[in-house]
Amino acid sequence: MAGVTLMKTPAETGLAQAFETVKTTLPGDVESRAQAFELFARNGLPHRRVEEFKYTDLRALMREAAPFAATPSGDEAKAALGSAKALADIKALQVPFVNGHFVRDSVDSKALPEGVEIVPLAEALANGHDWLARLSPVAWARQNPVYQLNSSFMADGVMLRIVGQVTTPIHLRFVTASKSAVATATRVLVLVEDGASVKLIETHESTDGANHQPNDVVELIAGDRTTVHHVRLNAEGNQSLALSTLAMKLGAEASFNSINVVAGSATSRHQVFAVLNGENTKAQINGATMLKGRQHGDSTLVVEHAAPNCESRELFKTVVDGEATGVFQGKIIVPHHAQKTDGRMMSAALLLSEGAAMNNKPELEIFADDVQCGHGATCGQLDEDLLFYLMARGLPKKEAESLLIQAFLGEAIEFVDNEEVREALVEIVEGWLKARG
Amino acid sequence: MPAVQETIDQVRSIDVDQYKYGFETEVEMEKAPKGLSEDVIRFISAKKGEPEWMLAWRLDAYKRWLTMTEPNWARVSYDKIDYNDIYYYAAPKNNPAPKSLDEVDPEILKTYEKLGIPLREQEILAGVEPSRRVAVDAVFDSVSVATTFKEELAKAGVIFMPISEAIREYPDLVRQYLGSVVPVTDNFFATLNTAVFTDGSFVYIPPGVRCPMELSTYFRINEKNTGQFERTLIIADKGSYVSYLEGCTAPKRDENQLHAAVVELIALDDAEIKYSTVQNWYPGDAEGRGGIYNFVTKRGDCRGKNSVITWTQVETGSAITWKYPSCILRGDNSRGEFYSIAVSNGMQQVDSGTKMIHLGKNTTSRIISKGIAAGKSENTYRGLVSAHRKATGARNFTNCDSLLIGNQCGAHTVPYIESKNASAVFEHEATTSKISEDQMFYCQQRGLSEEEATALIVNGFVKDVLQQLPMEFAVEAQKLISISLEGSVG
């Protein structure tokens, strides 16, 4: 295939046309958007010959580009938020986005918890802001076509700055409410100043029945001695193609704990690019993915140990039912100077039905000689012995299965420190299992 | 933790500047014109006295090769190869087809003597271990110069001869199987090999026969500016067994030489093939000048039920290694195994691993890979385990460890694990942590530290396998086996 120019797909043509149409109406510098789009357009939508997208062929999966969503009116936003359910009852500072646009009115800027500053991104882009210079902190992300698309089209979002210990969780609610398919591109930048701590919750949901195409990026720059807890829930509509990126740079002696729970979308790809930039930092990055029907769920991860003495743990659990396909691609990179690195990556998958498939690619790239790095990957069905044990004690087969699956996913979810959120996530797992019948 | 001193010493003892086989033999050679063209292919084909179909096959491959581009996905880098600056055929001049060893150029015999390869049957028989007889096919540049024990093997019905001879003597057998595991257009280097391969070994074990001795081929590149393109085809018919060894060395030169081989194994019902390699091509000097580019396609097809193919490799040579001995587990209950120790020193680059493709029911595979990188080398394990939709009950266990010595080198692991069948159970692990707790407990209870116990269990396991290797011609490989992977990373 090398050297062969690929024909543009309808989706690629659509994206190019969309960019021409919206580029002047989007806030901020057209030039930097054009550069990002140019980078994207050079290779187009990634396909299976592109190593990072080997198992998620966006050329094939994205048939056509949906039009970008307009800014919703106040009433529309209100209605959308009213019917949005994902972790809606969690006590938190709510930062909502409807159809990719920040709903300003719903955040009382005077009643923000102490240590939290919020700057709407569209406004910042239009009028300039000091923090804009800190956007796009991670090189791995900048090379990524999904991220480049977001950089080209990002219409809105927020920039958050955290100082000190913020105990109230911050709930970023991304809601797409539209009968017809729409695309969105939001960007959130979270600046956690030295010594600060924050709890972030992200939920992504959209209406069923339409091929929505959200492409969301959350960027995190955490300073030294910071603590960040992060929970992300994909509860997108059943037809949506959800692309998302979490890009972060962590300072020294920082502690980062994150989970991405996938319970929605027809196709989803969540990418994490983590750079451990200061010594003695610890990162726990988890994933729990539930797939059924013909769903396709991809978790892609790059963890760069850019400083010595850091520890990272990655634990990804995938349950695949029906004809669905799960993908895990993880990579730990340890450069020459990052001695005493301790990295462990594990991906485990349960295949529940005949047609289910799982692709695992846990990669290590190591240049330092005094490190401990390990990776593991397993793939299989439920343990017959365990099932038998439970059934022998009177549990019907389905229930026994559910119990085992719940325990399997639970291992990744139990790292969530917010009890309320953890329980809500367990409920989502239970709901998924019930729907399985 | 860093590597232990003993390991460092052992790896040092096989460092690139310690290469022992770098001498050159002066023999008058006959060569094809330099470069690659249809004429050169016709020349090779004519030299080998090949039938028409063989030439047509080669020319077809050449035409396809012209449309292909060199793969660049491997984690290796090298200057572009000028395929027209290579001699594709080089053979010792005076003895086109020696009938007995007495007719072989004494210089060549001396070369093999120096390398420690006995070619005279009486010498082998007079050896200290008469029970471990090995039949050898010695390939010198583009031709096979001697094959031992032919008659005795023939008595058992085993065919063991240079492939060029087999094409003339058993054309139907060759035609039936050649290219059936590695198709013509499989990949750039395999296609090139198909067009220009000059010699190699052909083995056929008839049904129910257990090959009475080890078979072995020893490859030597001697001439300047040549490439070696050998082709090996091994067929184990129903219920048969064969163990085959392969060794290789080359002189020290400043230039890079290309070695692009294709090995095809076919195991029919209940047959077993054990293929072992001690790869010791010239690795280049400490600055990375010279050395062999080892771009090899090796694949086994477990075509029959209950068939077994085992690849064992000890890789210490070559400037660049690009090789993935694979198993297609087509037959139900078939088994594929891959055991590898790859040590890279100096500026060597290794990108090696295996593919286990589970197609049949209840197929099992096991991958044990140890990579050790020292100096400024790069050592990558790249492996695929896949289960087809119909591969019910497939089972794989993979364990790959790598160890770095010094912080100028790199060790990488790129496993691909693809399962399309729910009943397939795949386990991939890279650290030694998952050793049976019972075994650990047993050792620790008797006073061993956790580290010692781990080393004992892991090494014991691999040793078991590698000690099977008859390594008369590579003593240092034995040392490698004892290398401890303490401080290894996944």
# chains A, B, ... in the order shown; residues from 1 in each chain; ligands from 1
call {"tool": "closest_atom_pairs", "arguments": {"of": "chain B", "to": "chain A", "cutoff": "6 Å", "atoms": "only C-alpha atoms", "output": "CSV"}}
result
residue,atom,partner,partner_atom,distance
B:Met1,CA,A:Asp370,CA,4.6
B:Pro2,CA,A:Asp370,CA,4.6
B:Leu404,CA,A:Asp369,CA,4.9
B:Ile405,CA,A:Asp369,CA,6.0
B:Gly406,CA,A:Asp369,CA,5.7
B:Asn407,CA,A:Ala368,CA,5.0
B:Cys409,CA,A:Phe367,CA,5.8
B:Gly410,CA,A:Phe367,CA,4.2
B:Ala411,CA,A:Ile366,CA,5.2
B:His412,CA,A:Glu365,CA,4.4
B:Thr413,CA,A:Leu364,CA,4.9
B:Val414,CA,A:Glu363,CA,4.8
B:Pro415,CA,A:Lys361,CA,5.5
B:Tyr416,CA,A:Lys361,CA,4.7
B:Ile417,CA,A:Asn360,CA,4.8
B:Glu418,CA,A:Asn359,CA,4.3
B:Ser419,CA,A:Met358,CA,5.2
B:Lys420,CA,A:Ala357,CA,4.2
B:Ala422,CA,A:Leu351,CA,4.8
B:Ser423,CA,A:Gln381,CA,5.8
B:Ala424,CA,A:Gly380,CA,5.7
B:Val425,CA,A:Gly380,CA,4.4
B:Phe426,CA,A:Cys379,CA,5.0
B:Glu427,CA,A:Thr378,CA,4.4
B:His428,CA,A:Ala377,CA,4.9
B:Glu429,CA,A:Gly376,CA,4.3
B:Ala430,CA,A:Gly374,CA,5.6
B:Thr431,CA,A:Gly374,CA,5.5
B:Val489,CA,A:Cys373,CA,4.9
B:Gly490,CA,A:Gly374,CA,4.3
call {"tool": "write_last_selection", "arguments": {"atoms": "N, CA and C atoms", "output": "compact mmCIF listing (two decimals), in the first residue's frame"}}
result
# COMPACT_ATOMS: atom_id res chain seq x y z
N MET B 1 15.64 -3.47 38.67
CA MET B 1 17.02 -3.64 39.13
C MET B 1 17.91 -3.94 37.92
N PRO B 2 19.19 -3.63 38.01
CA PRO B 2 20.06 -3.87 36.86
C PRO B 2 20.44 -5.34 36.75
N LEU B 404 18.08 -5.39 29.93
CA LEU B 404 19.00 -4.41 29.34
C LEU B 404 20.28 -4.38 30.14
N ILE B 405 21.39 -4.26 29.43
CA ILE B 405 22.67 -4.11 30.11
C ILE B 405 23.24 -2.77 29.65
N GLY B 406 23.27 -1.81 30.53
CA GLY B 406 23.70 -0.46 30.17
C GLY B 406 22.51 0.36 29.70
N ASN B 407 22.67 1.68 29.66
CA ASN B 407 21.52 2.50 29.27
C ASN B 407 21.68 3.13 27.89
N CYS B 409 21.15 1.01 25.29
CA CYS B 409 20.44 0.07 24.42
C CYS B 409 18.93 0.17 24.68
N GLY B 410 18.19 -0.55 23.90
CA GLY B 410 16.74 -0.50 24.07
C GLY B 410 16.15 -1.90 23.98
N ALA B 411 15.12 -2.15 24.78
CA ALA B 411 14.40 -3.42 24.68
C ALA B 411 12.92 -3.11 24.54
N HIS B 412 12.31 -3.70 23.57
CA HIS B 412 10.92 -3.37 23.28
C HIS B 412 10.09 -4.63 23.13
N THR B 413 8.85 -4.51 23.45
CA THR B 413 7.95 -5.64 23.32
C THR B 413 6.71 -5.18 22.59
N VAL B 414 6.38 -5.83 21.51
CA VAL B 414 5.20 -5.45 20.74
C VAL B 414 4.35 -6.69 20.49
N PRO B 415 3.55 -7.07 21.45
CA PRO B 415 2.72 -8.26 21.23
C PRO B 415 1.36 -7.88 20.65
N TYR B 416 0.87 -8.69 19.74
CA TYR B 416 -0.47 -8.52 19.21
C TYR B 416 -1.25 -9.75 19.61
N ILE B 417 -2.35 -9.55 20.28
CA ILE B 417 -3.13 -10.69 20.74
C ILE B 417 -4.55 -10.51 20.25
N GLU B 418 -4.96 -11.32 19.30
CA GLU B 418 -6.26 -11.13 18.68
C GLU B 418 -7.10 -12.38 18.86
N SER B 419 -8.24 -12.24 19.51
CA SER B 419 -9.07 -13.40 19.74
C SER B 419 -10.45 -13.19 19.16
N LYS B 420 -10.85 -14.09 18.31
CA LYS B 420 -12.20 -14.00 17.74
C LYS B 420 -13.04 -15.18 18.20
N ALA B 422 -14.61 -17.03 21.73
CA ALA B 422 -14.78 -16.85 23.17
C ALA B 422 -14.12 -17.97 23.96
N SER B 423 -14.05 -19.15 23.39
CA SER B 423 -13.50 -20.26 24.18
C SER B 423 -11.98 -20.31 24.10
N ALA B 424 -11.41 -19.41 23.32
CA ALA B 424 -9.95 -19.36 23.26
C ALA B 424 -9.44 -18.71 24.54
N VAL B 425 -8.39 -19.25 25.10
CA VAL B 425 -7.83 -18.65 26.31
C VAL B 425 -6.40 -18.23 26.01
N PHE B 426 -6.16 -16.95 26.08
CA PHE B 426 -4.83 -16.43 25.80
C PHE B 426 -4.28 -15.76 27.05
N GLU B 427 -3.06 -16.09 27.34
CA GLU B 427 -2.42 -15.42 28.46
C GLU B 427 -1.09 -14.89 27.99
N HIS B 428 -0.88 -13.65 28.25
CA HIS B 428 0.41 -13.08 27.88
C HIS B 428 0.97 -12.46 29.14
N GLU B 429 2.17 -12.86 29.46
CA GLU B 429 2.75 -12.19 30.61
C GLU B 429 4.21 -11.96 30.37
N ALA B 430 4.67 -10.94 31.00
CA ALA B 430 6.02 -10.53 30.68
C ALA B 430 6.93 -10.56 31.87
N THR B 431 6.39 -10.68 33.01
CA THR B 431 7.27 -10.73 34.17
C THR B 431 7.27 -12.13 34.75
N VAL B 489 12.78 -6.99 32.45
CA VAL B 489 11.54 -6.25 32.34
C VAL B 489 10.69 -6.93 31.29
N GLY B 490 9.42 -6.58 31.29
CA GLY B 490 8.55 -7.24 30.33
C GLY B 490 8.85 -6.85 28.93
call {"tool": "select_by_dssp", "arguments": {"residues": "stretch 266-464 of chain B", "states": "alpha helix (DSSP H)", "output": "PDB file with C-alpha atoms, in the first residue's frame"}}
result
ATOM      1  CA  GLU B 437       3.053 -20.096  43.883  1.00  0.00           C
ATOM      2  CA  ASP B 438       3.457 -23.688  44.968  1.00  0.00           C
ATOM      3  CA  GLN B 439       6.832 -23.905  43.289  1.00  0.00           C
ATOM      4  CA  MET B 440       7.890 -20.622  44.778  1.00  0.00           C
ATOM      5  CA  PHE B 441       6.769 -21.708  48.198  1.00  0.00           C
ATOM      6  CA  TYR B 442       8.614 -24.989  47.860  1.00  0.00           C
ATOM      7  CA  CYS B 443      11.860 -23.233  46.973  1.00  0.00           C
ATOM      8  CA  GLN B 444      11.526 -20.502  49.531  1.00  0.00           C
ATOM      9  CA  GLN B 445      10.707 -22.958  52.245  1.00  0.00           C
ATOM     10  CA  GLU B 450      12.433 -15.094  46.200  1.00  0.00           C
ATOM     11  CA  GLU B 451      14.859 -13.919  43.530  1.00  0.00           C
ATOM     12  CA  GLU B 452      16.851 -17.121  43.558  1.00  0.00           C
ATOM     13  CA  ALA B 453      13.718 -19.195  43.449  1.00  0.00           C
ATOM     14  CA  THR B 454      12.380 -17.237  40.501  1.00  0.00           C
ATOM     15  CA  ALA B 455      15.641 -17.580  38.608  1.00  0.00           C
ATOM     16  CA  LEU B 456      15.774 -21.271  39.331  1.00  0.00           C
ATOM     17  CA  ILE B 457      12.257 -21.914  38.134  1.00  0.00           C
ATOM     18  CA  VAL B 458      12.384 -19.733  35.030  1.00  0.00           C
ATOM     19  CA  ASN B 459      15.810 -20.843  33.945  1.00  0.00           C
ATOM     20  CA  GLY B 460      15.059 -24.423  34.743  1.00  0.00           C
ATOM     21  CA  PHE B 461      12.088 -24.267  32.453  1.00  0.00           C
ATOM     22  CA  VAL B 462      13.908 -22.771  29.515  1.00  0.00           C
ATOM     23  CA  LYS B 463      16.989 -24.883  30.104  1.00  0.00           C
ATOM     24  CA  ASP B 464      14.896 -27.970  29.753  1.00  0.00           C
TER      25      ASP B 464
END
call {"tool": "residues_around", "arguments": {"residues": "A:Gly251", "least_positions_apart": "4", "cutoff": "12 Å", "atoms": "only C-alpha atoms", "output": "mmCIF file with N, CA and C atoms, in the first residue's frame"}}
result
data_model
loop_
_atom_site.group_PDB
_atom_site.id
_atom_site.type_symbol
_atom_site.label_atom_id
_atom_site.label_comp_id
_atom_site.auth_asym_id
_atom_site.auth_seq_id
_atom_site.Cartn_x
_atom_site.Cartn_y
_atom_site.Cartn_z
ATOM 1 N N LEU A 191 -5.853 23.231 34.732
ATOM 2 C CA LEU A 191 -4.539 23.573 35.284
ATOM 3 C C LEU A 191 -4.599 23.355 36.787
ATOM 4 N N VAL A 192 -3.830 22.406 37.259
ATOM 5 C CA VAL A 192 -3.806 22.151 38.701
ATOM 6 C C VAL A 192 -2.482 22.678 39.226
ATOM 7 N N GLU A 193 -2.581 23.735 40.003
ATOM 8 C CA GLU A 193 -1.353 24.397 40.460
ATOM 9 C C GLU A 193 -0.638 23.552 41.516
ATOM 10 N N ASP A 194 0.645 23.822 41.715
ATOM 11 C CA ASP A 194 1.445 23.045 42.671
ATOM 12 C C ASP A 194 0.716 22.863 43.996
ATOM 13 N N GLY A 195 0.716 21.658 44.491
ATOM 14 C CA GLY A 195 0.146 21.381 45.800
ATOM 15 C C GLY A 195 -1.365 21.279 45.833
ATOM 16 N N ALA A 196 -2.031 21.497 44.715
ATOM 17 C CA ALA A 196 -3.498 21.499 44.703
ATOM 18 C C ALA A 196 -4.049 20.090 44.519
ATOM 19 N N LEU A 220 -4.778 18.083 30.829
ATOM 20 C CA LEU A 220 -4.525 18.286 32.246
ATOM 21 C C LEU A 220 -3.045 18.601 32.440
ATOM 22 N N ILE A 221 -2.793 19.722 33.088
ATOM 23 C CA ILE A 221 -1.417 20.013 33.478
ATOM 24 C C ILE A 221 -1.416 20.089 34.995
ATOM 25 N N ALA A 222 -0.851 19.074 35.616
ATOM 26 C CA ALA A 222 -0.850 19.026 37.076
ATOM 27 C C ALA A 222 0.556 19.321 37.563
ATOM 28 N N GLY A 223 0.667 20.257 38.479
ATOM 29 C CA GLY A 223 1.977 20.665 38.990
ATOM 30 C C GLY A 223 2.527 19.670 39.994
ATOM 31 N N ASP A 224 3.565 20.098 40.713
ATOM 32 C CA ASP A 224 4.192 19.225 41.712
ATOM 33 C C ASP A 224 3.251 19.024 42.912
ATOM 34 N N ARG A 225 3.343 17.858 43.497
ATOM 35 C CA ARG A 225 2.598 17.496 44.708
ATOM 36 C C ARG A 225 1.089 17.666 44.553
ATOM 37 N N THR A 226 0.598 17.451 43.376
ATOM 38 C CA THR A 226 -0.841 17.575 43.147
ATOM 39 C C THR A 226 -1.505 16.203 43.257
ATOM 40 N N THR A 227 -2.795 16.241 43.538
ATOM 41 C CA THR A 227 -3.576 15.007 43.561
ATOM 42 C C THR A 227 -4.780 15.196 42.652
ATOM 43 N N VAL A 228 -4.930 14.305 41.688
ATOM 44 C CA VAL A 228 -6.066 14.415 40.776
ATOM 45 C C VAL A 228 -6.804 13.081 40.724
ATOM 46 N N SER A 255 0.029 12.667 42.239
ATOM 47 C CA SER A 255 -0.705 11.420 42.292
ATOM 48 C C SER A 255 -1.922 11.554 41.393
ATOM 49 N N PHE A 256 -2.056 10.637 40.482
ATOM 50 C CA PHE A 256 -3.143 10.715 39.508
ATOM 51 C C PHE A 256 -3.868 9.381 39.483
ATOM 52 N N ALA A 274 -0.253 10.107 28.582
ATOM 53 C CA ALA A 274 0.186 10.574 29.893
ATOM 54 C C ALA A 274 1.694 10.744 29.900
ATOM 55 N N VAL A 275 2.146 11.906 30.329
ATOM 56 C CA VAL A 275 3.584 12.136 30.469
ATOM 57 C C VAL A 275 3.872 12.377 31.944
ATOM 58 N N LEU A 276 4.641 11.486 32.525
ATOM 59 C CA LEU A 276 5.028 11.632 33.930
ATOM 60 C C LEU A 276 6.319 12.439 33.946
ATOM 61 N N ASN A 277 6.158 13.728 34.244
ATOM 62 C CA ASN A 277 7.217 14.679 33.943
ATOM 63 C C ASN A 277 8.109 15.023 35.128
ATOM 64 N N GLY A 278 7.705 14.592 36.332
ATOM 65 C CA GLY A 278 8.531 14.884 37.504
ATOM 66 C C GLY A 278 8.756 13.606 38.290
ATOM 67 N N GLU A 279 9.771 13.616 39.147
ATOM 68 C CA GLU A 279 10.113 12.394 39.867
ATOM 69 C C GLU A 279 9.063 12.006 40.903
ATOM 70 N N ASN A 280 9.077 10.737 41.262
ATOM 71 C CA ASN A 280 8.234 10.186 42.328
ATOM 72 C C ASN A 280 6.739 10.398 42.118
ATOM 73 N N THR A 281 6.341 10.433 40.888
ATOM 74 C CA THR A 281 4.913 10.590 40.601
ATOM 75 C C THR A 281 4.270 9.231 40.408
ATOM 76 N N LYS A 282 3.012 9.141 40.839
ATOM 77 C CA LYS A 282 2.299 7.875 40.683
ATOM 78 C C LYS A 282 1.052 8.081 39.842
ATOM 79 N N ALA A 283 0.851 7.193 38.911
ATOM 80 C CA ALA A 283 -0.358 7.289 38.096
ATOM 81 C C ALA A 283 -1.055 5.946 38.042
ATOM 82 N N HIS A 305 7.221 7.640 30.788
ATOM 83 C CA HIS A 305 7.885 7.917 32.057
ATOM 84 C C HIS A 305 9.045 8.864 31.749
ATOM 85 N N ALA A 306 8.767 10.146 31.715
ATOM 86 C CA ALA A 306 9.797 11.097 31.293
ATOM 87 C C ALA A 306 10.753 11.461 32.418
ATOM 88 N N ALA A 307 10.462 11.024 33.641
ATOM 89 C CA ALA A 307 11.341 11.320 34.769
ATOM 90 C C ALA A 307 11.596 10.030 35.542
ATOM 91 N N PRO A 308 12.735 9.974 36.270
ATOM 92 C CA PRO A 308 13.035 8.755 37.032
ATOM 93 C C PRO A 308 12.081 8.560 38.211
ATOM 94 N N CYS A 310 9.308 7.078 38.844
ATOM 95 C CA CYS A 310 7.846 7.175 38.802
ATOM 96 C C CYS A 310 7.237 5.784 38.765
#
call {"tool": "atom_distance", "arguments": {"atom1": "atom CA of A:Thr318", "atom2": "atom CA of B:Asp332"}}
result
28.7 Å
call {"tool": "atom_distance", "arguments": {"atom1": "atom CA of A:Val198", "atom2": "atom CA of A:Pro96"}}
result
17.6 Å
